[in-house]
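The block underneath contains the structure these notes are about, expressed in structure tokens.
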Amino acid sequence: MSDIPESDRLDDFPHPREVSTLVGQEEAERAVFDAFMGGRMHHAWLLTGSRGIGKATLAYRLARFLLKYGTPEIAQAARARDLSVAEDDGVFRQIAAQSHPNLLIIRRPYDDKAKRLKTVIPVEEVRRTGNFFGMSAGAGGWRIAIVDAADDMNVNAENALLKILEEPPARGLFILVSHQPGRLLPTIRSRCRVLAMKPLSTAHIADILAANEVRANDEERSAIARLAEGSAGRALSIAAGGGLDLYRQLAAILMPLPQLDIKAVHALADKVGRRGADDAYETFTELLSDWLQRLVRTGAGAGGGVDLVAGEGAAMARLAAGPGLDRWVEVWEKINQSVARAEALNTDRKLVILNAFSMLESVAGERIGA
């Protein structure tokens, strides 16, 4: 693995280009496979859905398949039944090594001067497609560009991509991975075939955790899977960041609100807010945001899901009771904004955490009349 960070890689887990299987997305894969085998291959596909459900994995499966077989006739002669390509195949190995000449990956680049990943995909990255599609393709005749994630493009990059999609290159294919397609230009969406992918089942996520050798027993894997709400990527992130234990600590603090155990709050803030605890901090802030969303869903009658800590559902119902949920939505927004601002300005993470709990204590007191 390269020492340069990759914006589309999750921790130390295998990159989607290195993964040979796609779990729980048979319907989406069948739609792409049938389109190709039926001669109806669109020049641009927009794969949508929440993070970590297999969109990038499907994108690489499709790229490998097209670059190996090239035409429906060749694939049919090889008796292909899905988009699978063997791990020992030359195309698979080339793509895994990022050395296939007919595949271009567009993603947030690494900034050598700042020594970190850029926050957006700049227009220069998209303009690389000009030379790429202008070159003669090798065997199979396809040239493929994967944009992951398309949501990361800045305005200029989106406009540059739109111009290419308006006049697509012959035997060229764009695969756009998008977690929030509503953020893309409507004109980009209209020029793509949109394939909405579904969240994974708890059983599928538990299988993926086991396949990635996550050290946990069956009960813990099941709990992580439920906490991930359909995202295998999120489940792996939670597992890597000690998320299950963090969630249990967080829930234990939040459930008695508006009563707040100050000692426990400071202990948790010290643990995840210290220098070097990047994964734990990111996991914590996501778990806190998710907990508040579940609370709002509970108050709206949409259900908050299965309790992962005994009594948390009842605690959410108590905190969400009464007219309106605007204040909970407001504090959720403020906490997310505070986290984003702190990251942009590189401010004290422990202070961010303490302020978040202070806001929660205040709103809970208002709601319950403490």
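Starting from 1 in every chain, residues are counted up; chains themselves are A, B, ... following the order of the structure tokens, and ligands are numbered from 1 as listed.
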Checklist entry - Hey, what does DSSP flag as helix (DSSP H, G or I) within region 97-324 of chain A? Can you give it to me as an NGL selection string? => result :A and (123-134 or 150-152 or 155-166 or 181-183 or 186-190 or 202-211 or 218-228 or 232-240 or 243-254 or 262-273 or 278-299 or 312-320)
Would you mind exporting C-alpha atoms of the selected residues as a tab-separated table (two decimals), in the first residue's frame?
chain	number	residue	atom	x	y	z
A	123	VAL	CA	-11.28	21.13	-12.02
A	124	GLU	CA	-7.74	20.04	-12.95
A	125	GLU	CA	-8.59	16.47	-11.98
A	126	VAL	CA	-11.62	16.37	-14.27
A	127	ARG	CA	-9.65	17.91	-17.13
A	128	ARG	CA	-7.35	14.89	-17.05
A	129	THR	CA	-10.14	13.08	-18.87
A	130	GLY	CA	-9.41	15.13	-22.00
A	131	ASN	CA	-6.08	13.43	-22.70
A	132	PHE	CA	-7.30	10.14	-21.28
A	133	PHE	CA	-10.25	9.76	-23.63
A	134	GLY	CA	-8.25	11.22	-26.50
A	150	ALA	CA	-18.77	12.88	-7.39
A	151	ASP	CA	-20.15	14.90	-4.45
A	152	ASP	CA	-16.59	16.13	-3.79
A	155	VAL	CA	-18.38	23.96	-9.13
A	156	ASN	CA	-15.74	24.28	-11.85
A	157	ALA	CA	-15.08	20.55	-11.81
A	158	GLU	CA	-18.80	19.81	-12.15
A	159	ASN	CA	-19.12	22.16	-15.11
A	160	ALA	CA	-16.09	20.58	-16.77
A	161	LEU	CA	-17.58	17.11	-16.29
A	162	LEU	CA	-20.91	18.26	-17.66
A	163	LYS	CA	-19.30	19.38	-20.92
A	164	ILE	CA	-17.76	15.94	-21.38
A	165	LEU	CA	-21.04	14.17	-20.60
A	166	GLU	CA	-22.83	16.33	-23.17
A	181	PRO	CA	-26.77	13.00	-5.51
A	182	GLY	CA	-28.92	16.01	-4.65
A	183	ARG	CA	-25.72	18.04	-4.37
A	186	PRO	CA	-29.36	18.46	-12.14
A	187	THR	CA	-27.92	18.47	-15.65
A	188	ILE	CA	-25.25	15.96	-14.61
A	189	ARG	CA	-27.86	13.69	-13.07
A	190	SER	CA	-30.03	13.93	-16.18
A	202	THR	CA	-27.68	-6.61	9.27
A	203	ALA	CA	-26.78	-10.18	8.28
A	204	HIS	CA	-24.80	-9.02	5.25
A	205	ILE	CA	-22.87	-6.49	7.31
A	206	ALA	CA	-22.09	-9.09	9.96
A	207	ASP	CA	-20.73	-11.35	7.19
A	208	ILE	CA	-18.53	-8.53	5.87
A	209	LEU	CA	-17.19	-7.85	9.36
A	210	ALA	CA	-16.30	-11.53	9.69
A	211	ALA	CA	-14.69	-11.59	6.23
A	218	ASP	CA	-21.21	-12.81	17.01
A	219	GLU	CA	-23.21	-10.64	19.41
A	220	GLU	CA	-20.80	-7.73	19.03
A	221	ARG	CA	-20.75	-8.05	15.23
A	222	SER	CA	-24.54	-7.98	15.22
A	223	ALA	CA	-24.57	-4.87	17.43
A	224	ILE	CA	-22.05	-3.08	15.18
A	225	ALA	CA	-24.10	-4.04	12.13
A	226	ARG	CA	-27.27	-2.55	13.64
A	227	LEU	CA	-25.38	0.57	14.66
A	228	ALA	CA	-24.07	0.98	11.10
A	232	ALA	CA	-20.65	-1.93	5.66
A	233	GLY	CA	-18.10	0.86	5.36
A	234	ARG	CA	-19.50	2.51	8.45
A	235	ALA	CA	-19.51	-0.82	10.30
A	236	LEU	CA	-15.83	-1.33	9.50
A	237	SER	CA	-15.08	2.22	10.61
A	238	ILE	CA	-16.95	1.71	13.88
A	239	ALA	CA	-15.08	-1.52	14.50
A	240	ALA	CA	-11.70	0.05	13.72
A	243	GLY	CA	-17.08	2.39	18.15
A	244	LEU	CA	-19.17	-0.16	20.02
A	245	ASP	CA	-17.54	0.63	23.36
A	246	LEU	CA	-17.71	4.34	22.56
A	247	TYR	CA	-21.41	4.06	21.81
A	248	ARG	CA	-22.09	2.29	25.08
A	249	GLN	CA	-20.24	5.03	26.99
A	250	LEU	CA	-22.05	7.73	25.04
A	251	ALA	CA	-25.49	6.20	25.59
A	252	ALA	CA	-24.81	5.81	29.30
A	253	ILE	CA	-24.15	9.56	29.51
A	254	LEU	CA	-27.07	10.62	27.32
A	262	ILE	CA	-19.69	15.60	34.54
A	263	LYS	CA	-16.92	13.21	35.52
A	264	ALA	CA	-17.95	10.71	32.83
A	265	VAL	CA	-18.25	13.50	30.25
A	266	HIS	CA	-14.71	14.72	30.93
A	267	ALA	CA	-13.33	11.18	30.88
A	268	LEU	CA	-14.92	10.55	27.48
A	269	ALA	CA	-13.77	13.94	26.15
A	270	ASP	CA	-10.21	13.22	27.31
A	271	LYS	CA	-10.30	9.83	25.61
A	272	VAL	CA	-11.54	10.86	22.16
A	273	GLY	CA	-10.41	14.49	22.09
A	278	ASP	CA	-8.39	10.91	15.14
A	279	ASP	CA	-10.31	7.69	14.40
A	280	ALA	CA	-11.95	7.63	17.83
A	281	TYR	CA	-12.92	11.31	17.57
A	282	GLU	CA	-14.44	10.92	14.12
A	283	THR	CA	-16.32	7.80	15.21
A	284	PHE	CA	-17.58	9.55	18.36
A	285	THR	CA	-18.91	12.61	16.51
A	286	GLU	CA	-20.71	10.39	14.00
A	287	LEU	CA	-22.22	8.27	16.78
A	288	LEU	CA	-23.43	11.37	18.63
A	289	SER	CA	-25.01	12.72	15.46
A	290	ASP	CA	-26.67	9.36	14.79
A	291	TRP	CA	-28.00	9.13	18.36
A	292	LEU	CA	-29.70	12.51	17.98
A	293	GLN	CA	-31.18	11.50	14.64
A	294	ARG	CA	-32.61	8.37	16.23
A	295	LEU	CA	-34.05	10.49	19.03
A	296	VAL	CA	-35.80	12.75	16.50
A	297	ARG	CA	-37.11	9.75	14.57
A	298	THR	CA	-38.44	8.32	17.83
A	299	GLY	CA	-40.28	11.56	18.57
A	312	GLU	CA	-32.08	3.71	25.53
A	313	GLY	CA	-35.30	3.52	23.51
A	314	ALA	CA	-37.33	4.51	26.56
A	315	ALA	CA	-34.87	7.31	27.29
A	316	MET	CA	-35.22	8.65	23.76
A	317	ALA	CA	-39.00	8.52	24.00
A	318	ARG	CA	-38.84	10.49	27.27
A	319	LEU	CA	-36.53	13.12	25.82
A	320	ALA	CA	-38.53	13.43	22.61
Could you pull the residues within 7 Å of region 144-146 of chain A, counting only C-alpha atoms, minus those fewer than 3 positions along the same chain, as a list in words? Ala63, Asn102, Leu103, Leu104, Ile105, Ile106, Gly172, Leu173, Phe174, Ile175 and Leu176 of chain A
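Comparing the minimum interatomic distances between Trp328 (chain A) and each of A:Gly230, A:Gly141, A:Gly38, A:Gly365, counting only C-alpha atoms, we find that A:Gly365 sits nearest.
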**Asked** Neighbours of Asp148 (chain A) within 12 Å (only C-alpha atoms; same-chain residues fewer than 6 positions away dropped), as a PyMOL selection string?
**Response** chain A and resi 6-9+16-17+46-48+51+55-60+104-109+120-121+125-126+174-180
Can you list, as a PyMOL selection string, every residue of region 43-290 of chain A that DSSP puts in strand (DSSP E)? chain A and resi 44-48+103-106+110-111+116-117+143-148+172-178+193-196
Could those residues be written to a file, using C-alpha atoms, as a PDB file, in the first residue's frame?
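Listing of out.pdb after writing:
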ATOM      1  CA  ALA A  44     -22.542   7.337 -17.743  1.00  0.00           C
ATOM      2  CA  TRP A  45     -23.822   5.623 -14.608  1.00  0.00           C
ATOM      3  CA  LEU A  46     -24.575   7.405 -11.348  1.00  0.00           C
ATOM      4  CA  LEU A  47     -24.392   4.965  -8.427  1.00  0.00           C
ATOM      5  CA  THR A  48     -26.233   6.446  -5.458  1.00  0.00           C
ATOM      6  CA  LEU A 103      -8.922   3.132 -16.284  1.00  0.00           C
ATOM      7  CA  LEU A 104      -8.783   6.646 -14.821  1.00  0.00           C
ATOM      8  CA  ILE A 105      -9.688   7.390 -11.192  1.00  0.00           C
ATOM      9  CA  ILE A 106     -10.853  10.897 -10.310  1.00  0.00           C
ATOM     10  CA  TYR A 110      -3.177  14.677  -2.074  1.00  0.00           C
ATOM     11  CA  ASP A 111      -1.740  18.146  -1.511  1.00  0.00           C
ATOM     12  CA  ARG A 116      -3.034  16.331   3.452  1.00  0.00           C
ATOM     13  CA  LEU A 117      -5.870  15.435   1.122  1.00  0.00           C
ATOM     14  CA  ARG A 143     -11.846   3.677 -21.607  1.00  0.00           C
ATOM     15  CA  ILE A 144     -13.408   4.078 -18.172  1.00  0.00           C
ATOM     16  CA  ALA A 145     -13.321   6.913 -15.640  1.00  0.00           C
ATOM     17  CA  ILE A 146     -14.518   6.395 -12.064  1.00  0.00           C
ATOM     18  CA  VAL A 147     -15.354   9.537 -10.053  1.00  0.00           C
ATOM     19  CA  ASP A 148     -15.384   8.786  -6.330  1.00  0.00           C
ATOM     20  CA  GLY A 172     -16.017   5.760 -23.108  1.00  0.00           C
ATOM     21  CA  LEU A 173     -17.730   5.137 -19.796  1.00  0.00           C
ATOM     22  CA  PHE A 174     -18.141   7.323 -16.723  1.00  0.00           C
ATOM     23  CA  ILE A 175     -19.047   5.737 -13.390  1.00  0.00           C
ATOM     24  CA  LEU A 176     -19.968   8.350 -10.781  1.00  0.00           C
ATOM     25  CA  VAL A 177     -20.173   7.307  -7.128  1.00  0.00           C
ATOM     26  CA  SER A 178     -22.433   9.620  -5.129  1.00  0.00           C
ATOM     27  CA  ARG A 193     -28.422   6.448 -15.773  1.00  0.00           C
ATOM     28  CA  VAL A 194     -29.127   6.583 -12.045  1.00  0.00           C
ATOM     29  CA  LEU A 195     -28.821   3.344 -10.120  1.00  0.00           C
ATOM     30  CA  ALA A 196     -30.013   3.703  -6.525  1.00  0.00           C
TER      31      ALA A 196
END
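The shortest atom-to-atom distance to Ala80 (chain A), with only C-alpha atoms taken into account, belongs to A:Asp34 out of A:Asp34, A:His43, A:Gly49, A:Asn217.
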Problem - Polymer residues at most 12 Å from Leu67 (chain A), only C-alpha atoms, same-chain spacing of 2 or more positions, as a ChimeraX atom specification - result: /A:60-65,69-72,74-75,83-85,89-92,94-95,100-103,137-145,171-173
Judged by only C-alpha atoms, the minimum distance to Ala96 (chain A) among A:Asn154, A:Thr119, A:Gln259, A:Ser20 is found for A:Ser20
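Computed from the coordinates, the CA of Val19 (chain A) to CA of Arg40 (chain A) distance equals 26.3 Å.
The space separating CA of Ile335 (chain A) from CA of Asn355 (chain A) comes to 8.4 Å.
Note that the spacing between CA of Lys68 (chain A) and CA of Arg30 (chain A) amounts to 17.8 Å.
Of the residues listed (A:Val363, A:Leu10, A:Met255, A:Ile53), A:Ile53 shows the shortest atom-to-atom separation from Glu229 (chain A); distances use only C-alpha atoms.
Distance check against Asp88 (chain A) using only C-alpha atoms: of A:Asp12, A:Asp307, A:Glu26, A:Glu18, the minimum falls on A:Glu18.
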